[in-house]
file input27.pdb (PDB, C-alpha atoms)
ATOM      1  CA  MET A 192      36.510  -7.711 -34.369
ATOM      2  CA  ASP A 193      33.176  -8.500 -32.685
ATOM      3  CA  SER A 194      30.105  -7.750 -34.737
ATOM      4  CA  ILE A 195      27.566  -5.208 -33.482
ATOM      5  CA  VAL A 196      24.016  -6.518 -33.333
ATOM      6  CA  ASP A 197      21.244  -3.918 -33.490
ATOM      7  CA  VAL A 198      18.652  -5.117 -30.966
ATOM      8  CA  PRO A 199      15.235  -3.568 -31.670
ATOM      9  CA  ASP A 200      13.342  -1.760 -28.946
ATOM     10  CA  PRO A 201      10.742  -3.863 -27.146
ATOM     11  CA  PHE A 202       7.209  -3.715 -28.513
ATOM     12  CA  ILE A 203       5.207  -2.363 -25.547
ATOM     13  CA  ASP A 204       1.503  -1.369 -25.485
ATOM     14  CA  LEU A 205       0.274  -0.065 -22.119
ATOM     15  CA  HIS A 206      -3.472   0.476 -22.649
ATOM     16  CA  ALA A 207      -5.906  -2.289 -23.583
ATOM     17  CA  HIS A 208      -9.410  -3.336 -22.524
ATOM     18  CA  SER A 209     -11.127  -6.686 -22.167
ATOM     19  CA  SER A 210     -14.762  -7.757 -21.914
ATOM     20  CA  VAL A 211     -14.536  -7.189 -18.155
ATOM     21  CA  SER A 212     -15.143  -3.542 -19.027
ATOM     22  CA  ASP A 213     -15.897  -2.445 -22.598
ATOM     23  CA  GLY A 214     -13.635  -4.585 -24.761
ATOM     24  CA  THR A 215     -14.919  -7.530 -26.768
ATOM     25  CA  GLU A 216     -12.336 -10.204 -25.832
ATOM     26  CA  ARG A 217     -11.950 -12.029 -22.554
ATOM     27  CA  PRO A 218      -8.761 -11.045 -20.675
ATOM     28  CA  ALA A 219      -7.013 -14.297 -21.625
ATOM     29  CA  GLU A 220      -7.998 -13.814 -25.264
ATOM     30  CA  LEU A 221      -6.663 -10.259 -25.171
ATOM     31  CA  VAL A 222      -3.288 -11.457 -23.896
ATOM     32  CA  ARG A 223      -3.144 -14.127 -26.597
ATOM     33  CA  ALA A 224      -3.997 -11.489 -29.210
ATOM     34  CA  ALA A 225      -1.144  -9.326 -27.877
ATOM     35  CA  ALA A 226       1.313 -12.204 -28.230
ATOM     36  CA  ALA A 227       0.043 -12.938 -31.739
ATOM     37  CA  ALA A 228       0.580  -9.256 -32.625
ATOM     38  CA  GLY A 229       4.231  -9.596 -31.575
ATOM     39  CA  LEU A 230       4.013  -7.513 -28.412
ATOM     40  CA  ASP A 231       6.713  -7.933 -25.788
ATOM     41  CA  ALA A 232       4.479  -6.375 -23.114
ATOM     42  CA  VAL A 233       0.838  -5.413 -22.779
ATOM     43  CA  ALA A 234      -1.114  -3.747 -19.975
ATOM     44  CA  LEU A 235      -4.657  -4.766 -19.070
ATOM     45  CA  THR A 236      -6.396  -1.525 -18.080
ATOM     46  CA  ASP A 237     -10.110  -2.178 -17.764
ATOM     47  CA  HIS A 238     -12.325   0.633 -16.548
ATOM     48  CA  ASP A 239     -12.517   0.866 -12.765
ATOM     49  CA  THR A 240     -11.872  -2.827 -12.156
ATOM     50  CA  THR A 241      -9.117  -5.386 -11.682
ATOM     51  CA  ALA A 242     -11.501  -8.335 -12.093
ATOM     52  CA  GLY A 243      -9.778  -9.532 -15.273
ATOM     53  CA  TRP A 244      -6.298  -9.850 -13.807
ATOM     54  CA  ALA A 245      -6.454 -13.543 -12.884
ATOM     55  CA  ASP A 246      -7.704 -14.652 -16.292
ATOM     56  CA  ALA A 247      -5.130 -12.505 -18.096
ATOM     57  CA  SER A 248      -2.302 -13.657 -15.820
ATOM     58  CA  GLY A 249      -3.046 -17.316 -16.463
ATOM     59  CA  SER A 250      -2.671 -16.741 -20.185
ATOM     60  CA  ALA A 251       0.439 -14.545 -19.802
ATOM     61  CA  ARG A 252       2.270 -17.283 -17.859
ATOM     62  CA  GLU A 253       2.126 -19.470 -20.970
ATOM     63  CA  LEU A 254       3.263 -16.873 -23.527
ATOM     64  CA  PRO A 255       6.547 -15.090 -24.339
ATOM     65  CA  LEU A 256       5.440 -11.662 -23.159
ATOM     66  CA  THR A 257       5.074  -9.578 -19.996
ATOM     67  CA  LEU A 258       1.686  -8.528 -18.627
ATOM     68  CA  LEU A 259       1.345  -5.300 -16.663
ATOM     69  CA  PRO A 260      -1.864  -5.589 -14.634
ATOM     70  CA  GLY A 261      -3.590  -2.232 -14.223
ATOM     71  CA  LEU A 262      -6.837  -0.327 -14.515
ATOM     72  CA  GLU A 263      -8.211   2.877 -16.026
ATOM     73  CA  LEU A 264      -9.701   4.950 -13.226
ATOM     74  CA  SER A 265     -12.557   7.308 -14.043
ATOM     75  CA  THR A 266     -12.185  10.850 -12.692
ATOM     76  CA  ARG A 267     -13.961  14.108 -13.476
ATOM     77  CA  ILE A 268     -13.513  17.866 -13.515
ATOM     78  CA  GLY A 269     -17.037  19.215 -13.729
ATOM     79  CA  PHE A 270     -18.423  17.778 -16.966
ATOM     80  CA  ARG A 271     -14.962  16.823 -18.264
ATOM     81  CA  SER A 272     -13.920  13.208 -18.010
ATOM     82  CA  VAL A 273     -10.254  12.580 -17.147
ATOM     83  CA  HIS A 274      -9.063   8.971 -17.200
ATOM     84  CA  VAL A 275      -6.087   7.957 -15.073
ATOM     85  CA  LEU A 276      -4.271   4.737 -15.904
ATOM     86  CA  GLY A 277      -2.955   2.973 -12.819
ATOM     87  CA  TYR A 278      -0.250   0.340 -13.275
ATOM     88  CA  LEU A 279       0.662  -2.407 -10.790
ATOM     89  CA  VAL A 280      -1.679  -1.282  -8.021
ATOM     90  CA  ASP A 281      -2.579  -3.487  -5.075
ATOM     91  CA  PRO A 282      -5.974  -4.827  -6.233
ATOM     92  CA  HIS A 283      -7.045  -5.294  -2.605
ATOM     93  CA  ASP A 284      -6.184  -1.787  -1.403
ATOM     94  CA  PRO A 285      -9.228  -0.691   0.671
ATOM     95  CA  GLY A 286      -9.327   2.883  -0.608
ATOM     96  CA  LEU A 287      -9.078   1.915  -4.248
ATOM     97  CA  VAL A 288     -11.586  -0.927  -3.881
ATOM     98  CA  GLU A 289     -14.103   1.359  -2.172
ATOM     99  CA  GLU A 290     -13.774   4.045  -4.845
ATOM    100  CA  THR A 291     -13.966   1.704  -7.818
ATOM    101  CA  ASP A 292     -17.010  -0.018  -6.317
ATOM    102  CA  ARG A 293     -18.671   3.379  -5.983
ATOM    103  CA  ILE A 294     -17.766   4.393  -9.544
ATOM    104  CA  ARG A 295     -19.103   1.154 -11.032
ATOM    105  CA  SER A 296     -22.327   1.472  -9.080
ATOM    106  CA  GLY A 297     -22.720   5.036 -10.329
ATOM    107  CA  ARG A 298     -21.999   3.961 -13.893
ATOM    108  CA  LEU A 299     -24.691   1.300 -13.679
ATOM    109  CA  SER A 300     -27.339   3.698 -12.362
ATOM    110  CA  ARG A 301     -26.391   6.324 -14.917
ATOM    111  CA  ALA A 302     -26.513   3.838 -17.795
ATOM    112  CA  HIS A 303     -29.945   2.651 -16.669
ATOM    113  CA  ARG A 304     -31.270   6.216 -16.618
ATOM    114  CA  MET A 305     -29.844   6.926 -20.068
ATOM    115  CA  VAL A 306     -31.417   3.797 -21.527
ATOM    116  CA  ASP A 307     -34.784   4.690 -20.010
ATOM    117  CA  ARG A 308     -34.532   8.124 -21.622
ATOM    118  CA  ILE A 309     -33.438   6.749 -25.010
ATOM    119  CA  GLY A 310     -36.197   4.151 -24.816
ATOM    120  CA  GLU A 311     -38.811   6.893 -24.778
ATOM    121  CA  ASP A 312     -37.835   7.731 -28.368
ATOM    122  CA  HIS A 313     -36.191   4.552 -29.710
ATOM    123  CA  PRO A 314     -36.960   0.803 -29.446
ATOM    124  CA  ILE A 315     -34.279  -0.167 -26.918
ATOM    125  CA  THR A 316     -34.527  -1.681 -23.426
ATOM    126  CA  TRP A 317     -32.217  -2.404 -20.516
ATOM    127  CA  ALA A 318     -32.362  -6.088 -21.452
ATOM    128  CA  ASP A 319     -30.896  -5.173 -24.850
ATOM    129  CA  VAL A 320     -27.937  -3.547 -23.094
ATOM    130  CA  LEU A 321     -27.347  -6.443 -20.704
ATOM    131  CA  ALA A 322     -27.303  -8.781 -23.702
ATOM    132  CA  GLN A 323     -24.211  -6.927 -24.967
ATOM    133  CA  ALA A 324     -22.196  -7.198 -21.726
ATOM    134  CA  SER A 325     -20.272 -10.081 -20.220
ATOM    135  CA  PRO A 326     -21.412 -11.240 -16.756
ATOM    136  CA  GLY A 327     -19.975  -8.894 -14.134
ATOM    137  CA  ALA A 328     -18.744  -6.356 -16.692
ATOM    138  CA  THR A 329     -18.614  -2.653 -15.863
ATOM    139  CA  ILE A 330     -21.691  -1.439 -17.755
ATOM    140  CA  GLY A 331     -21.213   1.825 -19.616
ATOM    141  CA  ARG A 332     -21.996   3.748 -22.754
ATOM    142  CA  PRO A 333     -20.125   1.297 -25.034
ATOM    143  CA  HIS A 334     -22.616  -1.410 -24.098
ATOM    144  CA  ILE A 335     -25.503   0.956 -24.852
ATOM    145  CA  ALA A 336     -23.825   1.690 -28.174
ATOM    146  CA  ASP A 337     -23.598  -2.026 -28.954
ATOM    147  CA  ALA A 338     -27.287  -2.425 -28.117
ATOM    148  CA  LEU A 339     -28.149   0.440 -30.466
ATOM    149  CA  VAL A 340     -26.154  -1.270 -33.210
ATOM    150  CA  ALA A 341     -27.838  -4.616 -32.531
ATOM    151  CA  ARG A 342     -31.208  -2.899 -32.821
ATOM    152  CA  GLY A 343     -30.213  -1.329 -36.141
ATOM    153  CA  LEU A 344     -30.425   2.193 -34.722
ATOM    154  CA  GLU A 345     -26.734   2.961 -35.366
ATOM    155  CA  SER A 346     -24.233   1.434 -37.791
ATOM    156  CA  ASP A 347     -21.403   0.880 -35.287
ATOM    157  CA  ARG A 348     -20.087   2.031 -31.923
ATOM    158  CA  SER A 349     -18.412   5.119 -33.327
ATOM    159  CA  ALA A 350     -21.614   6.187 -35.057
ATOM    160  CA  ALA A 351     -23.549   5.699 -31.822
ATOM    161  CA  PHE A 352     -21.153   7.983 -29.956
ATOM    162  CA  ARG A 353     -21.495  10.598 -32.698
ATOM    163  CA  GLY A 354     -25.279  10.263 -32.703
ATOM    164  CA  ILE A 355     -27.669   9.049 -30.021
ATOM    165  CA  LEU A 356     -24.984   8.904 -27.298
ATOM    166  CA  HIS A 357     -23.428  12.282 -28.090
ATOM    167  CA  PRO A 358     -23.558  14.717 -25.150
ATOM    168  CA  ALA A 359     -25.623  17.117 -27.275
ATOM    169  CA  SER A 360     -28.294  14.501 -28.000
ATOM    170  CA  GLY A 361     -30.217  15.128 -24.807
ATOM    171  CA  TYR A 362     -29.842  11.540 -23.575
ATOM    172  CA  TYR A 363     -26.379  11.910 -22.073
ATOM    173  CA  GLU A 364     -25.601  12.496 -18.434
ATOM    174  CA  PRO A 365     -22.245  12.430 -16.618
ATOM    175  CA  HIS A 366     -21.410   9.777 -14.054
ATOM    176  CA  GLU A 367     -20.043  10.331 -10.574
ATOM    177  CA  ALA A 368     -16.275  10.056 -10.201
ATOM    178  CA  PRO A 369     -13.517  11.504  -8.001
ATOM    179  CA  SER A 370     -11.293  14.382  -9.027
ATOM    180  CA  PRO A 371      -8.096  13.636 -10.991
ATOM    181  CA  LEU A 372      -6.113  14.684  -7.919
ATOM    182  CA  ARG A 373      -7.938  12.126  -5.785
ATOM    183  CA  GLY A 374      -7.478   9.526  -8.519
ATOM    184  CA  VAL A 375      -3.713  10.010  -8.584
ATOM    185  CA  GLU A 376      -3.604   9.863  -4.793
ATOM    186  CA  LEU A 377      -5.626   6.639  -4.701
ATOM    187  CA  ILE A 378      -3.381   4.929  -7.249
ATOM    188  CA  ARG A 379      -0.203   5.954  -5.401
ATOM    189  CA  GLN A 380      -1.671   4.895  -2.054
ATOM    190  CA  ALA A 381      -2.368   1.498  -3.647
ATOM    191  CA  GLY A 382       1.299   1.218  -4.662
ATOM    192  CA  GLY A 383       0.610   1.918  -8.336
ATOM    193  CA  VAL A 384       1.960   4.331 -10.914
ATOM    194  CA  PRO A 385      -0.536   6.863 -12.366
ATOM    195  CA  VAL A 386      -0.537   8.111 -15.975
ATOM    196  CA  ILE A 387      -3.110  10.461 -17.525
ATOM    197  CA  ALA A 388      -4.762   8.663 -20.449
ATOM    198  CA  HIS A 389      -5.114  10.433 -23.836
ATOM    199  CA  PRO A 390      -4.999  13.960 -22.313
ATOM    200  CA  ALA A 391      -5.220  15.739 -25.680
ATOM    201  CA  ALA A 392      -8.022  13.715 -27.255
ATOM    202  CA  SER A 393      -9.524  15.451 -30.278
ATOM    203  CA  SER A 394     -13.059  15.457 -28.893
ATOM    204  CA  ARG A 395     -12.200  17.680 -25.936
ATOM    205  CA  GLY A 396      -8.705  19.141 -26.307
ATOM    206  CA  ILE A 397      -6.254  18.915 -23.388
ATOM    207  CA  VAL A 398      -8.366  17.870 -20.413
ATOM    208  CA  ILE A 399      -6.149  19.441 -17.734
ATOM    209  CA  ASP A 400      -4.377  22.800 -17.517
ATOM    210  CA  GLU A 401      -0.840  23.428 -16.308
ATOM    211  CA  PRO A 402      -1.726  24.524 -12.744
ATOM    212  CA  MET A 403      -3.688  21.304 -12.336
ATOM    213  CA  LEU A 404      -0.804  19.329 -13.806
ATOM    214  CA  ARG A 405       1.505  20.778 -11.157
ATOM    215  CA  ASP A 406      -0.894  19.627  -8.444
ATOM    216  CA  LEU A 407      -1.026  16.150  -9.987
ATOM    217  CA  VAL A 408       2.773  15.971 -10.165
ATOM    218  CA  ASP A 409       2.973  16.946  -6.495
ATOM    219  CA  ALA A 410       0.484  14.138  -5.741
ATOM    220  CA  GLY A 411       2.623  11.573  -7.563
ATOM    221  CA  LEU A 412       1.661  11.615 -11.247
ATOM    222  CA  GLY A 413       4.179   9.481 -13.131
ATOM    223  CA  GLY A 414       3.525  10.134 -16.791
ATOM    224  CA  LEU A 415       1.383  11.248 -19.710
ATOM    225  CA  GLU A 416       0.001   9.071 -22.501
ATOM    226  CA  VAL A 417       1.178  11.057 -25.531
ATOM    227  CA  ASP A 418       1.164   8.676 -28.502
ATOM    228  CA  HIS A 419      -2.525   7.815 -28.833
ATOM    229  CA  ARG A 420      -4.669   8.037 -31.955
ATOM    230  CA  GLU A 421      -7.062  10.564 -30.354
ATOM    231  CA  ASN A 422      -4.374  13.039 -29.263
ATOM    232  CA  LEU A 423      -4.043  15.981 -31.652
ATOM    233  CA  ALA A 424      -0.602  17.038 -32.882
ATOM    234  CA  HIS A 425      -0.582  20.461 -31.201
ATOM    235  CA  GLY A 426      -1.754  18.888 -27.944
ATOM    236  CA  LYS A 427       0.996  16.280 -28.120
ATOM    237  CA  ARG A 428       3.582  19.058 -28.448
ATOM    238  CA  THR A 429       2.261  20.651 -25.270
ATOM    239  CA  LEU A 430       2.263  17.309 -23.466
ATOM    240  CA  LEU A 431       5.870  16.637 -24.460
ATOM    241  CA  ASP A 432       6.853  20.087 -23.202
ATOM    242  CA  TRP A 433       5.101  19.454 -19.893
ATOM    243  CA  ALA A 434       6.717  16.043 -19.547
ATOM    244  CA  SER A 435      10.147  17.567 -20.046
ATOM    245  CA  ARG A 436       9.561  20.411 -17.596
ATOM    246  CA  TYR A 437       7.977  18.336 -14.842
ATOM    247  CA  GLY A 438      10.059  15.169 -15.094
ATOM    248  CA  LEU A 439       7.278  12.908 -16.342
ATOM    249  CA  PHE A 440       7.734   9.894 -18.595
ATOM    250  CA  VAL A 441       5.599   9.528 -21.727
ATOM    251  CA  THR A 442       3.807   6.465 -23.011
ATOM    252  CA  GLY A 443       2.319   5.320 -26.297
ATOM    253  CA  SER A 444      -0.611   2.949 -26.420
ATOM    254  CA  SER A 445      -3.370   1.567 -28.588
ATOM    255  CA  ASP A 446      -6.380   1.774 -26.215
ATOM    256  CA  TYR A 447      -7.406  -1.522 -27.789
ATOM    257  CA  HIS A 448     -11.013  -2.709 -27.362
ATOM    258  CA  GLY A 449     -11.084  -5.725 -29.683
ATOM    259  CA  THR A 450     -13.791  -5.185 -32.296
ATOM    260  CA  GLY A 451     -15.319  -2.426 -30.161
ATOM    261  CA  LYS A 452     -13.003   0.216 -31.647
ATOM    262  CA  PRO A 453     -10.821   0.458 -34.756
ATOM    263  CA  ASN A 454      -7.696   0.768 -32.545
ATOM    264  CA  ARG A 455      -5.197  -2.064 -33.167
ATOM    265  CA  LEU A 456      -2.785  -3.589 -30.680
ATOM    266  CA  GLY A 457       0.642  -2.015 -30.920
ATOM    267  CA  GLU A 458      -0.394   0.869 -33.163
ATOM    268  CA  HIS A 459       1.450   3.108 -30.676
ATOM    269  CA  ARG A 460       4.287   1.990 -28.430
ATOM    270  CA  THR A 461       5.871   2.842 -25.095
ATOM    271  CA  ALA A 462       9.643   3.191 -24.827
ATOM    272  CA  ARG A 463      11.605   0.833 -22.567
ATOM    273  CA  VAL A 464      12.659   3.741 -20.333
ATOM    274  CA  ALA A 465       9.027   4.472 -19.417
ATOM    275  CA  PHE A 466       8.285   0.774 -18.881
ATOM    276  CA  ASP A 467      11.279   0.487 -16.558
ATOM    277  CA  ALA A 468      10.215   3.631 -14.678
ATOM    278  CA  ILE A 469       6.829   2.067 -13.959
ATOM    279  CA  LEU A 470       8.424  -1.132 -12.681
ATOM    280  CA  SER A 471      10.889   0.756 -10.498
ATOM    281  CA  GLU A 472       8.201   2.943  -8.885
ATOM    282  CA  ALA A 473       5.430   0.371  -8.366
ATOM    283  CA  THR A 474       5.034  -1.444  -5.054
ATOM    284  CA  GLY A 475       1.406  -2.655  -5.233
ATOM    285  CA  SER A 476       1.803  -5.718  -7.430
ATOM    286  CA  ALA A 477       4.230  -7.304  -9.881
ATOM    287  CA  PRO A 478       4.233  -7.858 -13.631
ATOM    288  CA  VAL A 479       3.500 -11.336 -14.938
ATOM    289  CA  VAL A 480       6.480 -12.535 -16.966
ATOM    290  CA  GLY A 481       5.862 -15.352 -19.392
ATOM    291  CA  PRO A 482       8.469 -17.882 -20.536
ATOM    292  CA  GLY A 483      10.875 -16.361 -23.031
ATOM    293  CA  SER A 484       9.731 -12.776 -22.466
ATOM    294  CA  ARG A 485      12.284 -10.228 -23.639
ATOM    295  CA  LEU A 486      11.394  -8.105 -20.626
ATOM    296  CA  SER A 487      12.165 -10.694 -17.955
TER     297      SER A 487
END

call {"tool": "encode", "arguments": {"input": "input27.pdb", "output": "structure tokens"}}
result
Amino acid sequence: MDSIVDVPDPFIDLHAHSSVSDGTERPAELVRAAAAAGLDAVALTDHDTTAGWADASGSARELPLTLLPGLELSTRIGFRSVHVLGYLVDPHDPGLVEETDRIRSGRLSRAHRMVDRIGEDHPITWADVLAQASPGATIGRPHIADALVARGLESDRSAAFRGILHPASGYYEPHEAPSPLRGVELIRQAGGVPVIAHPAASSRGIVIDEPMLRDLVDAGLGGLEVDHRENLAHGKRTLLDWASRYGLFVTGSSDYHGTGKPNRLGEHRTARVAFDAILSEATGSAPVVGPGSRLS
């Protein structure tokens, strides 16, 4: 009688950031770290940019894993930030390129204004912030946080976000971004698959309500990121119920930022069925499959 071999599920992490946005490792280094952590697949999802894809892809072609190129698109509902992960988009799609250029420009202006305001009360300058960012990186609050740490004004990034960079501090201001509905539409128009990132994060509860979810589903929303360290248990139950009722897949991810956050690669995983759904729906670009990848 033939023996039955229990093949473990693939080790898939679909949310990670490089130094092109607010991570601390270059895209190629991130991919190598994913392989060293035993991942079978990792997604590069830098904020509002695909600039790290080429560097990450070069590394992925030499390693036994699969890279899902993507991005994390900034959207807003009033003062609430809603992040939409977009997998396998066309990085040259005119609509997406125009919107991400606009978002990054707005982020830069907003960060500059915040630093000027903080600098009235604390010894920090714009040059301090630039010193914490890689050339061409999408400048944002994490880089301001790193500058505050370097100046000895906060102990680490997390402390900076709880303190000087907290919305109640008086220094914060929101940045311009499209609506979640427009974000989902842009990602689908670019041939990608949209997933709402950490919708039940502890700092703000569930960032969308059910009527809005229905509109997003109608616009092409593919899934919800449920297993994430910031999602609260009761929120995750609601998300799972919504996913079941509206035919959405669910993902699990680390939201890795290198040393910029305590999140570790692979601390939450995505099931193969969700990974396959993304591949089957995407038309904008293709995954990068390294030699010996289990997901080839």

call {"tool": "residues_around", "arguments": {"input": "input27.pdb", "residues": "Ala302 (chain A)", "least_positions_apart": "2", "cutoff": "12 Å", "atoms": "all atoms listed in the file", "output": "VMD selection string"}}
result
chain A and resid 295 to 300 304 to 310 316 to 317 320 to 321 329 to 336 356 362 to 367

call {"tool": "atom_distance", "arguments": {"input": "input27.pdb", "atom1": "CA of Val464 (chain A)", "atom2": "CA of Glu220 (chain A)"}}
result
27.6 Å

call {"tool": "resolve_selection", "arguments": {"input": "input27.pdb", "expression": "the PyMOL selection byres ((chain A and resi 466) around 12)", "output": "number ranges by chain"}}
result
A: 200-205, 231-234, 257-259, 278-279, 384, 386, 413-414, 440-444, 460-465, 467-473, 478, 486

call {"tool": "resolve_selection", "arguments": {"input": "input27.pdb", "expression": "the PyMOL selection byres ((chain A and resi 249) around 10)", "output": "number ranges by chain"}}
result
A: 218-219, 222, 244-248, 250-254, 479, 481

call {"tool": "residues_near_point", "arguments": {"input": "input27.pdb", "point": "(-2.5, 2.7, -2.8)", "cutoff": "8 Å", "atoms": "all atoms listed in the file", "output": "PyMOL selection string"}}
result
chain A and resi 280-281+284+286-287+376-383+475

call {"tool": "closest_residue", "arguments": {"input": "input27.pdb", "among": "A:Ser265, A:Ser484, A:Ser210, A:Ser370", "to": "Leu407 (chain A)", "atoms": "all atoms listed in the file"}}
result
A:Ser370

call {"tool": "closest_residue", "arguments": {"input": "input27.pdb", "among": "A:Gly343, A:Gly374, A:Pro482, A:Gly451", "to": "Asp213 (chain A)", "atoms": "only C-alpha atoms"}}
result
A:Gly451

call {"tool": "closest_residue", "arguments": {"input": "input27.pdb", "among": "A:Arg217, A:His206, A:Lys452, A:His419", "to": "Pro260 (chain A)", "atoms": "only C-alpha atoms"}}
result
A:His206

call {"tool": "closest_residue", "arguments": {"input": "input27.pdb", "among": "A:Asp337, A:Glu311, A:Glu421, A:Glu416", "to": "Gly277 (chain A)", "atoms": "all atoms listed in the file"}}
result
A:Glu416

call {"tool": "atom_distance", "arguments": {"input": "input27.pdb", "atom1": "CA of Arg373 (chain A)", "atom2": "CA of His274 (chain A)"}}
result
11.9 Å

call {"tool": "residues_around", "arguments": {"input": "input27.pdb", "residues": "Gly327 (chain A)", "least_positions_apart": "3", "cutoff": "9 Å", "atoms": "all atoms listed in the file", "output": "number ranges by chain"}}
result
A: 211-212, 242, 324, 330

call {"tool": "residues_around", "arguments": {"input": "input27.pdb", "residues": "Leu262 (chain A)", "least_positions_apart": "3", "cutoff": "8 Å", "atoms": "only C-alpha atoms", "output": "number ranges by chain"}}
result
A: 235-241, 276-278

call {"tool": "closest_residue", "arguments": {"input": "input27.pdb", "among": "A:Arg420, A:Ile315, A:Thr291, A:Glu401", "to": "Ala341 (chain A)", "atoms": "all atoms listed in the file"}}
result
A:Ile315

call {"tool": "atom_distance", "arguments": {"input": "input27.pdb", "atom1": "CA of Gly449 (chain A)", "atom2": "CA of Thr215 (chain A)"}}
result
5.1 Å

call {"tool": "resolve_selection", "arguments": {"input": "input27.pdb", "expression": "the PyMOL selection byres ((chain A and resi 423) around 8)", "output": "ChimeraX atom specification"}}
result
/A:391-393,396,420-422,424-427

call {"tool": "closest_residue", "arguments": {"input": "input27.pdb", "among": "A:His303, A:Val288, A:Gly483, A:Val375", "to": "Val275 (chain A)", "atoms": "only C-alpha atoms"}}
result
A:Val375

call {"tool": "residues_near_point", "arguments": {"input": "input27.pdb", "point": "(7.6, 19.2, -12.2)", "cutoff": "10 Å", "atoms": "all atoms listed in the file", "output": "MDAnalysis selection string"}}
result
chainID A and resid 404:409 412 433:439

call {"tool": "residues_around", "arguments": {"input": "input27.pdb", "residues": "Arg455 (chain A)", "least_positions_apart": "2", "cutoff": "10 Å", "atoms": "all atoms listed in the file", "output": "ChimeraX atom specification"}}
result
/A:207,225,228,444-450,452-453,457-459

call {"tool": "write_last_selection", "arguments": {"input": "input27.pdb", "atoms": "C-alpha atoms", "output": "mmCIF file, in the frame of the given file"}}
result
data_model
loop_
_atom_site.group_PDB
_atom_site.id
_atom_site.type_symbol
_atom_site.label_atom_id
_atom_site.label_comp_id
_atom_site.auth_asym_id
_atom_site.auth_seq_id
_atom_site.Cartn_x
_atom_site.Cartn_y
_atom_site.Cartn_z
ATOM 1 C CA ALA A 207 -5.906 -2.289 -23.583
ATOM 2 C CA ALA A 225 -1.144 -9.326 -27.877
ATOM 3 C CA ALA A 228 0.580 -9.256 -32.625
ATOM 4 C CA SER A 444 -0.611 2.949 -26.420
ATOM 5 C CA SER A 445 -3.370 1.567 -28.588
ATOM 6 C CA ASP A 446 -6.380 1.774 -26.215
ATOM 7 C CA TYR A 447 -7.406 -1.522 -27.789
ATOM 8 C CA HIS A 448 -11.013 -2.709 -27.362
ATOM 9 C CA GLY A 449 -11.084 -5.725 -29.683
ATOM 10 C CA THR A 450 -13.791 -5.185 -32.296
ATOM 11 C CA LYS A 452 -13.003 0.216 -31.647
ATOM 12 C CA PRO A 453 -10.821 0.458 -34.756
ATOM 13 C CA GLY A 457 0.642 -2.015 -30.920
ATOM 14 C CA GLU A 458 -0.394 0.869 -33.163
ATOM 15 C CA HIS A 459 1.450 3.108 -30.676
#
